[in-house]
>>> print(open('data.pdb').read())   # PDB, C-alpha atoms and all ligand atoms
MODEL        1
ATOM      1  CA  MET A  27      71.560 153.496 147.393
ATOM      2  CA  ASP A  28      69.492 155.261 144.716
ATOM      3  CA  LEU A  29      67.886 153.095 142.080
ATOM      4  CA  ASN A  30      69.368 153.609 138.639
ATOM      5  CA  PRO A  31      66.433 155.059 136.578
ATOM      6  CA  ASP A  32      67.332 152.801 133.609
ATOM      7  CA  LEU A  33      66.591 149.676 135.628
ATOM      8  CA  PRO A  34      63.194 147.987 135.164
ATOM      9  CA  THR A  35      60.766 147.394 138.060
ATOM     10  CA  GLY A  36      57.674 145.242 138.728
ATOM     11  CA  ASP A  37      56.523 142.727 136.083
ATOM     12  CA  GLU A  38      58.933 144.161 133.515
ATOM     13  CA  LYS A  39      61.840 143.390 135.870
ATOM     14  CA  ALA A  40      60.610 139.839 136.595
ATOM     15  CA  GLU A  41      60.297 139.074 132.861
ATOM     16  CA  LYS A  42      63.701 140.540 132.103
ATOM     17  CA  VAL A  43      65.392 138.660 134.967
ATOM     18  CA  GLN A  44      63.770 135.335 134.032
ATOM     19  CA  GLY A  45      64.705 135.687 130.341
ATOM     20  CA  MET A  46      68.240 136.790 131.190
ATOM     21  CA  PHE A  47      68.938 133.817 133.487
ATOM     22  CA  ASP A  48      67.408 131.392 130.948
ATOM     23  CA  ARG A  49      69.885 132.807 128.417
ATOM     24  CA  ILE A  50      73.047 132.767 130.555
ATOM     25  CA  ALA A  51      72.269 129.485 132.382
ATOM     26  CA  PRO A  52      74.559 127.145 130.370
ATOM     27  CA  ARG A  53      77.694 129.153 131.273
ATOM     28  CA  TYR A  54      76.474 130.666 134.584
ATOM     29  CA  ASP A  55      78.565 128.510 136.957
ATOM     30  CA  PHE A  56      81.724 128.740 134.851
ATOM     31  CA  VAL A  57      81.526 132.558 134.558
ATOM     32  CA  ASN A  58      80.634 132.932 138.260
ATOM     33  CA  ARG A  59      83.712 131.009 139.395
ATOM     34  CA  ILE A  60      85.980 133.130 137.190
ATOM     35  CA  MET A  61      84.401 136.473 138.138
ATOM     36  CA  THR A  62      84.536 135.814 141.890
ATOM     37  CA  PHE A  63      87.881 133.939 141.866
ATOM     38  CA  ARG A  64      85.874 131.050 143.425
ATOM     39  CA  LEU A  65      85.079 133.183 146.486
ATOM     40  CA  ASP A  66      81.373 132.479 145.833
ATOM     41  CA  VAL A  67      82.007 128.824 146.765
ATOM     42  CA  ARG A  68      83.582 129.834 150.093
ATOM     43  CA  TRP A  69      80.782 132.342 150.845
ATOM     44  CA  ARG A  70      78.108 129.667 150.290
ATOM     45  CA  LYS A  71      79.948 127.217 152.588
ATOM     46  CA  GLN A  72      80.143 129.917 155.301
ATOM     47  CA  THR A  73      76.417 130.622 154.843
ATOM     48  CA  VAL A  74      75.507 126.953 155.335
ATOM     49  CA  GLN A  75      77.685 126.836 158.488
ATOM     50  CA  ALA A  76      76.015 130.020 159.773
ATOM     51  CA  LEU A  77      72.598 128.327 159.559
ATOM     52  CA  LYS A  78      73.680 126.182 162.548
ATOM     53  CA  LEU A  79      71.085 123.570 161.654
ATOM     54  CA  GLU A  80      71.206 119.857 162.485
ATOM     55  CA  LYS A  81      71.950 117.193 159.886
ATOM     56  CA  SER A  82      68.765 116.029 158.098
ATOM     57  CA  SER A  83      67.166 119.493 158.416
ATOM     58  CA  LEU A  84      64.817 120.315 155.548
ATOM     59  CA  VAL A  85      66.169 123.494 153.930
ATOM     60  CA  ILE A  86      64.663 125.355 150.972
ATOM     61  CA  ASP A  87      67.044 127.130 148.646
ATOM     62  CA  LEU A  88      65.191 130.093 147.161
ATOM     63  CA  ALA A  89      66.075 131.356 143.683
ATOM     64  CA  CYS A  90      68.378 128.331 143.629
ATOM     65  CA  GLY A  91      69.594 128.864 140.063
ATOM     66  CA  THR A  92      71.796 125.928 139.112
ATOM     67  CA  GLY A  93      71.649 124.578 142.666
ATOM     68  CA  ASP A  94      75.040 125.545 144.110
ATOM     69  CA  PHE A  95      73.530 126.047 147.553
ATOM     70  CA  CYS A  96      71.707 122.713 147.277
ATOM     71  CA  CYS A  97      75.114 121.029 146.722
ATOM     72  CA  GLU A  98      76.578 122.754 149.811
ATOM     73  CA  LEU A  99      73.541 121.782 151.889
ATOM     74  CA  GLU A 100      73.884 118.179 150.665
ATOM     75  CA  ASN A 101      77.572 118.243 151.703
ATOM     76  CA  ALA A 102      76.436 119.315 155.182
ATOM     77  CA  GLU A 103      74.026 116.319 155.192
ATOM     78  CA  MET A 104      70.909 118.475 155.173
ATOM     79  CA  VAL A 105      67.933 117.870 152.906
ATOM     80  CA  PRO A 106      67.636 120.690 150.325
ATOM     81  CA  LEU A 107      64.759 121.580 148.029
ATOM     82  CA  GLY A 108      65.435 124.211 145.353
ATOM     83  CA  PHE A 109      63.000 126.747 143.868
ATOM     84  CA  ASP A 110      63.613 129.051 140.908
ATOM     85  CA  PHE A 111      61.470 130.527 138.138
ATOM     86  CA  SER A 112      64.122 130.106 135.414
ATOM     87  CA  MET A 113      63.740 126.704 133.746
ATOM     88  CA  GLY A 114      67.087 127.311 132.004
ATOM     89  CA  MET A 115      68.899 127.629 135.351
ATOM     90  CA  LEU A 116      67.136 124.565 136.795
ATOM     91  CA  GLN A 117      68.031 122.498 133.714
ATOM     92  CA  ALA A 118      71.690 123.535 133.966
ATOM     93  CA  GLY A 119      71.763 122.315 137.605
ATOM     94  CA  ARG A 120      74.196 119.679 138.911
ATOM     95  CA  SER A 121      72.611 119.003 142.271
ATOM     96  CA  SER A 122      70.779 115.741 142.898
ATOM     97  CA  SER A 123      68.215 117.512 145.121
ATOM     98  CA  PRO A 124      64.628 118.011 143.983
ATOM     99  CA  LEU A 125      64.247 121.329 142.143
ATOM    100  CA  CYS A 126      60.951 123.041 141.423
ATOM    101  CA  GLN A 127      60.054 125.809 138.974
ATOM    102  CA  SER A 128      58.314 128.392 141.113
ATOM    103  CA  ASP A 129      58.159 132.087 141.897
ATOM    104  CA  VAL A 130      59.742 132.460 145.342
ATOM    105  CA  LEU A 131      57.221 135.176 146.184
ATOM    106  CA  SER A 132      54.514 132.496 146.180
ATOM    107  CA  LEU A 133      55.903 129.132 147.257
ATOM    108  CA  PRO A 134      54.005 125.832 146.817
ATOM    109  CA  ILE A 135      54.783 124.898 150.451
ATOM    110  CA  LYS A 136      52.582 124.510 153.534
ATOM    111  CA  ASP A 137      52.849 126.961 156.447
ATOM    112  CA  ALA A 138      55.490 126.220 159.124
ATOM    113  CA  SER A 139      56.879 123.175 157.340
ATOM    114  CA  VAL A 140      60.627 123.730 156.786
ATOM    115  CA  ASP A 141      63.654 124.081 159.098
ATOM    116  CA  GLY A 142      65.703 126.569 157.129
ATOM    117  CA  ALA A 143      65.997 128.735 154.012
ATOM    118  CA  THR A 144      68.936 129.958 151.971
ATOM    119  CA  CYS A 145      69.013 132.463 149.132
ATOM    120  CA  GLY A 146      72.156 133.277 147.153
ATOM    121  CA  PHE A 147      72.759 136.442 145.115
ATOM    122  CA  ALA A 148      69.077 136.829 144.336
ATOM    123  CA  LEU A 149      67.675 139.471 146.714
ATOM    124  CA  ARG A 150      68.532 142.172 144.186
ATOM    125  CA  ASN A 151      66.836 140.207 141.425
ATOM    126  CA  LEU A 152      63.464 140.035 143.183
ATOM    127  CA  THR A 153      60.768 142.591 142.395
ATOM    128  CA  GLU A 154      59.964 143.134 146.099
ATOM    129  CA  LEU A 155      61.787 142.216 149.294
ATOM    130  CA  GLU A 156      59.123 142.589 152.011
ATOM    131  CA  PRO A 157      56.676 140.083 150.430
ATOM    132  CA  PHE A 158      59.616 137.696 149.946
ATOM    133  CA  PHE A 159      60.624 137.850 153.629
ATOM    134  CA  ALA A 160      56.955 137.406 154.621
ATOM    135  CA  GLU A 161      56.679 134.325 152.385
ATOM    136  CA  VAL A 162      59.831 132.788 153.900
ATOM    137  CA  SER A 163      58.466 133.524 157.374
ATOM    138  CA  ARG A 164      55.187 131.791 156.476
ATOM    139  CA  VAL A 165      56.829 128.501 155.456
ATOM    140  CA  LEU A 166      59.462 128.320 158.241
ATOM    141  CA  LYS A 167      58.830 126.496 161.531
ATOM    142  CA  VAL A 168      59.326 128.498 164.717
ATOM    143  CA  GLY A 169      63.090 128.351 165.412
ATOM    144  CA  GLY A 170      63.786 127.896 161.674
ATOM    145  CA  ARG A 171      66.923 129.631 160.401
ATOM    146  CA  ILE A 172      67.664 131.800 157.372
ATOM    147  CA  GLY A 173      70.885 132.591 155.489
ATOM    148  CA  PHE A 174      70.544 135.164 152.718
ATOM    149  CA  LEU A 175      73.745 135.909 150.832
ATOM    150  CA  ASP A 176      74.154 138.768 148.361
ATOM    151  CA  VAL A 177      76.699 141.182 146.988
ATOM    152  CA  ALA A 178      77.874 144.193 149.023
ATOM    153  CA  GLU A 179      80.147 147.171 148.636
ATOM    154  CA  PRO A 180      83.369 147.147 150.691
ATOM    155  CA  GLU A 181      83.329 149.818 153.426
ATOM    156  CA  ASN A 182      87.060 150.527 153.124
ATOM    157  CA  ARG A 183      87.485 153.406 150.603
ATOM    158  CA  PHE A 184      90.406 151.868 148.764
ATOM    159  CA  LEU A 185      88.731 148.449 148.469
ATOM    160  CA  ASN A 186      85.503 150.189 147.403
ATOM    161  CA  TRP A 187      87.358 151.982 144.597
ATOM    162  CA  GLY A 188      88.896 148.689 143.403
ATOM    163  CA  HIS A 189      85.524 146.956 143.712
ATOM    164  CA  HIS A 190      83.879 149.543 141.432
ATOM    165  CA  ILE A 191      86.617 149.374 138.806
ATOM    166  CA  TYR A 192      86.295 145.590 138.800
ATOM    167  CA  PHE A 193      82.486 145.313 138.779
ATOM    168  CA  ASP A 194      81.646 148.352 136.650
ATOM    169  CA  ARG A 195      84.393 148.038 134.034
ATOM    170  CA  ILE A 196      85.973 144.581 134.036
ATOM    171  CA  VAL A 197      82.997 142.287 134.806
ATOM    172  CA  PRO A 198      80.882 143.555 131.833
ATOM    173  CA  LYS A 199      83.821 143.039 129.436
ATOM    174  CA  VAL A 200      84.728 139.573 130.717
ATOM    175  CA  GLY A 201      81.014 138.645 130.788
ATOM    176  CA  ALA A 202      80.601 139.790 127.170
ATOM    177  CA  LEU A 203      83.599 137.743 126.142
ATOM    178  CA  LEU A 204      82.588 134.553 127.944
ATOM    179  CA  SER A 205      78.800 134.739 127.930
ATOM    180  CA  ASP A 206      76.298 137.569 127.295
ATOM    181  CA  LYS A 207      77.075 141.270 127.003
ATOM    182  CA  SER A 208      73.737 142.719 128.111
ATOM    183  CA  ALA A 209      73.378 140.359 131.096
ATOM    184  CA  TYR A 210      76.836 141.100 132.465
ATOM    185  CA  SER A 211      76.329 144.847 131.999
ATOM    186  CA  TYR A 212      73.023 144.597 133.876
ATOM    187  CA  LEU A 213      74.283 142.503 136.799
ATOM    188  CA  PRO A 214      76.696 145.101 138.293
ATOM    189  CA  LYS A 215      74.011 147.809 137.894
ATOM    190  CA  SER A 216      71.442 145.606 139.661
ATOM    191  CA  VAL A 217      73.294 146.153 142.966
ATOM    192  CA  SER A 218      71.466 149.476 143.195
ATOM    193  CA  TYR A 219      68.207 147.542 143.785
ATOM    194  CA  LEU A 220      69.501 146.551 147.232
ATOM    195  CA  PRO A 221      68.442 148.885 150.054
ATOM    196  CA  PRO A 222      71.037 149.751 152.738
ATOM    197  CA  HIS A 223      71.723 146.760 155.004
ATOM    198  CA  GLN A 224      70.025 148.414 158.015
ATOM    199  CA  GLU A 225      66.768 148.553 156.026
ATOM    200  CA  ILE A 226      67.101 144.917 154.978
ATOM    201  CA  VAL A 227      67.628 143.887 158.629
ATOM    202  CA  ALA A 228      64.544 145.911 159.658
ATOM    203  CA  MET A 229      62.426 144.269 156.925
ATOM    204  CA  ILE A 230      63.528 140.769 157.995
ATOM    205  CA  GLU A 231      62.679 141.561 161.646
ATOM    206  CA  LYS A 232      59.286 142.950 160.593
ATOM    207  CA  ALA A 233      58.574 139.670 158.770
ATOM    208  CA  GLY A 234      58.827 137.805 162.099
ATOM    209  CA  PHE A 235      62.500 136.965 162.615
ATOM    210  CA  LYS A 236      64.656 137.532 165.705
ATOM    211  CA  GLN A 237      68.432 137.695 166.249
ATOM    212  CA  VAL A 238      68.787 139.133 162.760
ATOM    213  CA  GLU A 239      72.420 139.839 161.959
ATOM    214  CA  ARG A 240      74.351 141.072 158.973
ATOM    215  CA  LYS A 241      77.933 140.006 158.349
ATOM    216  CA  LEU A 242      80.352 141.116 155.632
ATOM    217  CA  PHE A 243      82.553 138.504 153.993
ATOM    218  CA  ALA A 244      86.124 139.396 152.991
ATOM    219  CA  PRO A 245      86.995 141.458 151.006
ATOM    220  CA  GLY A 246      83.675 143.163 151.757
ATOM    221  CA  SER A 247      81.979 142.353 148.465
ATOM    222  CA  ALA A 248      79.450 139.877 149.910
ATOM    223  CA  GLN A 249      77.052 140.173 152.837
ATOM    224  CA  LEU A 250      75.107 137.563 154.770
ATOM    225  CA  PHE A 251      71.839 138.081 156.649
ATOM    226  CA  THR A 252      70.986 135.446 159.253
ATOM    227  CA  GLY A 253      68.081 135.157 161.663
ATOM    228  CA  GLU A 254      65.670 132.851 163.439
ATOM    229  CA  LYS A 255      61.898 132.566 163.006
ATOM    230  CA  ALA A 256      60.326 133.917 166.179
TER     231      ALA A 256
HETATM  232  C1  LIG B 301      72.216 135.454 140.449
HETATM  233  S1  LIG B 301      71.208 134.029 140.306
HETATM  234  C2  LIG B 301      71.629 133.171 141.773
HETATM  235  C3  LIG B 301      71.510 131.691 141.655
HETATM  236  C4  LIG B 301      71.974 130.891 142.880
HETATM  237  N1  LIG B 301      71.161 131.178 144.034
HETATM  238  C5  LIG B 301      73.433 131.113 143.204
HETATM  239  O1  LIG B 301      73.752 131.233 144.391
HETATM  240  O2  LIG B 301      74.257 131.120 142.291
HETATM  241  C6  LIG B 301      69.613 134.700 140.692
HETATM  242  C7  LIG B 301      68.499 133.678 140.503
HETATM  243  O3  LIG B 301      67.282 134.263 141.007
HETATM  244  C8  LIG B 301      66.219 133.720 140.241
HETATM  245  N2  LIG B 301      65.022 134.523 140.517
HETATM  246  C9  LIG B 301      64.895 135.871 140.475
HETATM  247  N3  LIG B 301      63.654 136.233 140.828
HETATM  248  C10 LIG B 301      62.975 135.096 141.127
HETATM  249  C11 LIG B 301      61.648 134.815 141.567
HETATM  250  N4  LIG B 301      60.761 135.794 141.793
HETATM  251  N5  LIG B 301      61.299 133.539 141.773
HETATM  252  C12 LIG B 301      62.189 132.534 141.552
HETATM  253  N6  LIG B 301      63.448 132.728 141.123
HETATM  254  C13 LIG B 301      63.851 133.998 140.931
HETATM  255  C14 LIG B 301      66.780 133.771 138.822
HETATM  256  O4  LIG B 301      66.068 132.951 137.938
HETATM  257  C15 LIG B 301      68.226 133.303 139.054
HETATM  258  O5  LIG B 301      68.348 131.915 138.900
ENDMDL
END
>>> encode(input="data.pdb", output="structure tokens", more="lines below")
Ligand SMILES: C[S@@+](CC[C@H](N)C(=O)[O-])C[C@H]1O[C@@H](n2cnc3c(N)ncnc32)[C@H](O)[C@@H]1O
Amino acid sequence: MDLNPDLPTGDEKAEKVQGMFDRIAPRYDFVNRIMTFRLDVRWRKQTVQALKLEKSSLVIDLACGTGDFCCELENAEMVPLGFDFSMGMLQAGRSSSPLCQSDVLSLPIKDASVDGATCGFALRNLTELEPFFAEVSRVLKVGGRIGFLDVAEPENRFLNWGHHIYFDRIVPKVGALLSDKSAYSYLPKSVSYLPPHQEIVAMIEKAGFKQVERKLFAPGSAQLFTGEKA
């Protein structure tokens, strides 16, 4: 995918993303459920299952937002810790897990100290992916598991056409009506930050993970990357 030239990069992107999520935080969960027809809830559950970690595993949820993944990890009887740089999103959280305001590119965690890591719909919001994967690799124990969930484009041509009509035309209008016009115009465009999935898999492997796999979730508008710390 080619990056849309109107999209910010580097520090400008980080500031814009942080400010945007602070702004939309109070209605984020409500709008998310409507926009995805609650599929986001199912995709997170499937991600937690795909971790294949034991109960009581210590799992960090990176760019945790309002803590939806923390809630799913709690339901699976794991021990989540959430990290996000948007205080607005953290304050709007419903999870009872500890949440910490932090940049996920520089985590306040010791080397090789956690069993797993999740990240939901945030890869495209980060300024850089390789340093992020390296940071996750640093804090995971050998054998630790990752589950990174983000949006995707359906491979089927007809579904892809429908996907674009929905995300490019309907989502910005519904978002403007229910929450914030500029944020929900930006979010569909931000998909172009994501490199092709083969490149993401290669970056995760380079960061020190093995058995890296990518799976599409029906109807092809979400993708999951899993792997194990080598
Ligand atoms: C689309 S939201 C996803 C929230 C949550 N993971 C979910 O599944 O709904 C993206 C989140 O990434 C966070 N974020 C983006 N870049 C970040 C960074 N460098 N460090 C920490 N959080 C970041 C934003 O603040 C926002 O809460």
>>> residues_around(input="data.pdb", residues="Met115 in chain A", least_positions_apart="5", cutoff="12 Å", atoms="all atoms listed in the file", output="PyMOL selection string")
chain A and resi 43-55+89-94+108-110+120-121+125-127
>>> write_last_selection(input="data.pdb", atoms="C-alpha atoms", output="compact mmCIF listing (two decimals), keeping the file's coordinate frame")
# COMPACT_ATOMS: atom_id res chain seq x y z
CA VAL A 43 65.39 138.66 134.97
CA GLN A 44 63.77 135.34 134.03
CA GLY A 45 64.70 135.69 130.34
CA MET A 46 68.24 136.79 131.19
CA PHE A 47 68.94 133.82 133.49
CA ASP A 48 67.41 131.39 130.95
CA ARG A 49 69.89 132.81 128.42
CA ILE A 50 73.05 132.77 130.56
CA ALA A 51 72.27 129.49 132.38
CA PRO A 52 74.56 127.14 130.37
CA ARG A 53 77.69 129.15 131.27
CA TYR A 54 76.47 130.67 134.58
CA ASP A 55 78.56 128.51 136.96
CA ALA A 89 66.08 131.36 143.68
CA CYS A 90 68.38 128.33 143.63
CA GLY A 91 69.59 128.86 140.06
CA THR A 92 71.80 125.93 139.11
CA GLY A 93 71.65 124.58 142.67
CA ASP A 94 75.04 125.54 144.11
CA GLY A 108 65.44 124.21 145.35
CA PHE A 109 63.00 126.75 143.87
CA ASP A 110 63.61 129.05 140.91
CA ARG A 120 74.20 119.68 138.91
CA SER A 121 72.61 119.00 142.27
CA LEU A 125 64.25 121.33 142.14
CA CYS A 126 60.95 123.04 141.42
CA GLN A 127 60.05 125.81 138.97
>>> atom_distance(input="data.pdb", atom1="CA of Ser112 in chain A", atom2="CA of Asp37 in chain A")
14.7 Å
>>> residues_around(input="data.pdb", residues="range 174-186 of chain A", least_positions_apart="3", cutoff="10 Å", atoms="all atoms listed in the file", output="MDAnalysis selection string")
chainID A and resid 66 69:70 72:74 77 87:88 143:150 189:192 214 217 220 222:223 240:253
>>> closest_residue(input="data.pdb", among="A:Asn101, A:Asn58, A:Ser83, A:Ser211", to="ligand LIG 301 (chain B)", atoms="only C-alpha atoms and all ligand atoms")
A:Asn58
>>> residues_near_point(input="data.pdb", point="(56.0, 124.3, 159.1)", cutoff="9 Å", atoms="only C-alpha atoms", output="list in words")
Ile135, Lys136, Asp137, Ala138, Ser139, Val140, Asp141, Arg164, Val165, Leu166, Lys167, Val168 and Gly170 of chain A
>>> atom_distance(input="data.pdb", atom1="atom C10 of ligand LIG 301 (chain B)", atom2="CA of Phe111 in chain A")
5.7 Å
>>> closest_residue(input="data.pdb", among="A:Ser208, A:Thr62, A:Gln75, A:Ser216", to="Leu152 in chain A", atoms="all atoms listed in the file")
A:Ser216
>>> closest_residue(input="data.pdb", among="A:Leu84, A:Val162, A:Leu107, A:Leu213", to="ligand LIG 301 (chain B)", atoms="all atoms listed in the file")
A:Leu213
>>> axis_aligned_box(input="data.pdb", around="ligand LIG 301 (chain B)", padding_each_side="8 Å", output="AutoDock Vina command-line options")
--center_x 67.5 --center_y 133.6 --center_z 141.2 --size_x 29.5 --size_y 21.3 --size_z 22.5
>>> resolve_selection(input="data.pdb", expression="the PyMOL selection byres (((chain A and resi 256) around 6) and not hetatm)", output="PDB file with C-alpha atoms, keeping the file's coordinate frame")
ATOM      1  CA  VAL A 168      59.326 128.498 164.717  1.00  0.00           C
ATOM      2  CA  GLY A 234      58.827 137.805 162.099  1.00  0.00           C
ATOM      3  CA  PHE A 235      62.500 136.965 162.615  1.00  0.00           C
ATOM      4  CA  LYS A 236      64.656 137.532 165.705  1.00  0.00           C
ATOM      5  CA  LYS A 255      61.898 132.566 163.006  1.00  0.00           C
TER       6      LYS A 255
END
>>> closest_residue(input="data.pdb", among="A:Leu65, A:Ala228, A:Ala40, A:Pro106", to="Leu131 in chain A", atoms="only C-alpha atoms")
A:Ala40
>>> build_atoms(input="data.pdb", residues="range 76-102 of chain A", atoms="N, CA and C atoms", output="PDB file, in the frame of the given file")
ATOM      1  N   ALA A  76      76.676 129.008 158.926  1.00  0.00           N
ATOM      2  CA  ALA A  76      76.015 130.020 159.773  1.00  0.00           C
ATOM      3  C   ALA A  76      74.555 129.661 160.064  1.00  0.00           C
ATOM      4  N   LEU A  77      73.982 128.741 159.282  1.00  0.00           N
ATOM      5  CA  LEU A  77      72.598 128.327 159.559  1.00  0.00           C
ATOM      6  C   LEU A  77      72.519 127.628 160.917  1.00  0.00           C
ATOM      7  N   LYS A  78      73.613 126.933 161.280  1.00  0.00           N
ATOM      8  CA  LYS A  78      73.680 126.182 162.548  1.00  0.00           C
ATOM      9  C   LYS A  78      72.487 125.238 162.687  1.00  0.00           C
ATOM     10  N   LEU A  79      72.198 124.526 161.609  1.00  0.00           N
ATOM     11  CA  LEU A  79      71.085 123.570 161.654  1.00  0.00           C
ATOM     12  C   LEU A  79      71.630 122.148 161.756  1.00  0.00           C
ATOM     13  N   GLU A  80      70.826 121.267 162.327  1.00  0.00           N
ATOM     14  CA  GLU A  80      71.206 119.857 162.485  1.00  0.00           C
ATOM     15  C   GLU A  80      71.264 119.170 161.127  1.00  0.00           C
ATOM     16  N   LYS A  81      72.005 118.063 161.069  1.00  0.00           N
ATOM     17  CA  LYS A  81      71.950 117.193 159.886  1.00  0.00           C
ATOM     18  C   LYS A  81      70.509 116.746 159.705  1.00  0.00           C
ATOM     19  N   SER A  82      70.127 116.470 158.464  1.00  0.00           N
ATOM     20  CA  SER A  82      68.765 116.029 158.098  1.00  0.00           C
ATOM     21  C   SER A  82      67.723 117.147 158.147  1.00  0.00           C
ATOM     22  N   SER A  83      68.144 118.391 158.435  1.00  0.00           N
ATOM     23  CA  SER A  83      67.166 119.493 158.416  1.00  0.00           C
ATOM     24  C   SER A  83      66.677 119.710 156.989  1.00  0.00           C
ATOM     25  N   LEU A  84      65.402 120.029 156.870  1.00  0.00           N
ATOM     26  CA  LEU A  84      64.817 120.315 155.548  1.00  0.00           C
ATOM     27  C   LEU A  84      65.027 121.806 155.257  1.00  0.00           C
ATOM     28  N   VAL A  85      65.814 122.095 154.227  1.00  0.00           N
ATOM     29  CA  VAL A  85      66.169 123.494 153.930  1.00  0.00           C
ATOM     30  C   VAL A  85      65.779 123.838 152.496  1.00  0.00           C
ATOM     31  N   ILE A  86      65.022 124.921 152.330  1.00  0.00           N
ATOM     32  CA  ILE A  86      64.663 125.355 150.972  1.00  0.00           C
ATOM     33  C   ILE A  86      65.696 126.363 150.493  1.00  0.00           C
ATOM     34  N   ASP A  87      66.136 126.157 149.248  1.00  0.00           N
ATOM     35  CA  ASP A  87      67.044 127.130 148.646  1.00  0.00           C
ATOM     36  C   ASP A  87      66.232 127.948 147.642  1.00  0.00           C
ATOM     37  N   LEU A  88      66.096 129.235 147.926  1.00  0.00           N
ATOM     38  CA  LEU A  88      65.191 130.093 147.161  1.00  0.00           C
ATOM     39  C   LEU A  88      65.939 130.851 146.078  1.00  0.00           C
ATOM     40  N   ALA A  89      65.363 130.822 144.860  1.00  0.00           N
ATOM     41  CA  ALA A  89      66.075 131.356 143.683  1.00  0.00           C
ATOM     42  C   ALA A  89      67.382 130.576 143.546  1.00  0.00           C
ATOM     43  N   CYS A  90      67.236 129.255 143.523  1.00  0.00           N
ATOM     44  CA  CYS A  90      68.378 128.331 143.629  1.00  0.00           C
ATOM     45  C   CYS A  90      69.270 128.334 142.403  1.00  0.00           C
ATOM     46  N   GLY A  91      68.772 128.863 141.273  1.00  0.00           N
ATOM     47  CA  GLY A  91      69.594 128.864 140.063  1.00  0.00           C
ATOM     48  C   GLY A  91      70.005 127.453 139.697  1.00  0.00           C
ATOM     49  N   THR A  92      71.305 127.248 139.515  1.00  0.00           N
ATOM     50  CA  THR A  92      71.796 125.928 139.112  1.00  0.00           C
ATOM     51  C   THR A  92      72.016 125.004 140.316  1.00  0.00           C
ATOM     52  N   GLY A  93      71.653 125.463 141.497  1.00  0.00           N
ATOM     53  CA  GLY A  93      71.649 124.578 142.666  1.00  0.00           C
ATOM     54  C   GLY A  93      72.951 124.518 143.451  1.00  0.00           C
ATOM     55  N   ASP A  94      73.779 125.555 143.348  1.00  0.00           N
ATOM     56  CA  ASP A  94      75.040 125.545 144.110  1.00  0.00           C
ATOM     57  C   ASP A  94      74.808 125.414 145.613  1.00  0.00           C
ATOM     58  N   PHE A  95      73.810 126.130 146.116  1.00  0.00           N
ATOM     59  CA  PHE A  95      73.530 126.047 147.553  1.00  0.00           C
ATOM     60  C   PHE A  95      73.011 124.652 147.906  1.00  0.00           C
ATOM     61  N   CYS A  96      72.215 124.067 147.002  1.00  0.00           N
ATOM     62  CA  CYS A  96      71.707 122.713 147.277  1.00  0.00           C
ATOM     63  C   CYS A  96      72.893 121.765 147.454  1.00  0.00           C
ATOM     64  N   CYS A  97      73.929 121.910 146.610  1.00  0.00           N
ATOM     65  CA  CYS A  97      75.114 121.029 146.722  1.00  0.00           C
ATOM     66  C   CYS A  97      75.793 121.230 148.080  1.00  0.00           C
ATOM     67  N   GLU A  98      75.941 122.495 148.506  1.00  0.00           N
ATOM     68  CA  GLU A  98      76.578 122.754 149.811  1.00  0.00           C
ATOM     69  C   GLU A  98      75.746 122.185 150.957  1.00  0.00           C
ATOM     70  N   LEU A  99      74.422 122.307 150.841  1.00  0.00           N
ATOM     71  CA  LEU A  99      73.541 121.782 151.889  1.00  0.00           C
ATOM     72  C   LEU A  99      73.623 120.253 151.920  1.00  0.00           C
ATOM     73  N   GLU A 100      73.718 119.649 150.726  1.00  0.00           N
ATOM     74  CA  GLU A 100      73.884 118.179 150.665  1.00  0.00           C
ATOM     75  C   GLU A 100      75.199 117.785 151.348  1.00  0.00           C
ATOM     76  N   ASN A 101      76.272 118.543 151.079  1.00  0.00           N
ATOM     77  CA  ASN A 101      77.572 118.243 151.703  1.00  0.00           C
ATOM     78  C   ASN A 101      77.480 118.302 153.221  1.00  0.00           C
ATOM     79  N   ALA A 102      76.609 119.188 153.722  1.00  0.00           N
ATOM     80  CA  ALA A 102      76.436 119.315 155.182  1.00  0.00           C
ATOM     81  C   ALA A 102      75.384 118.332 155.707  1.00  0.00           C
TER      82      ALA A 102
END
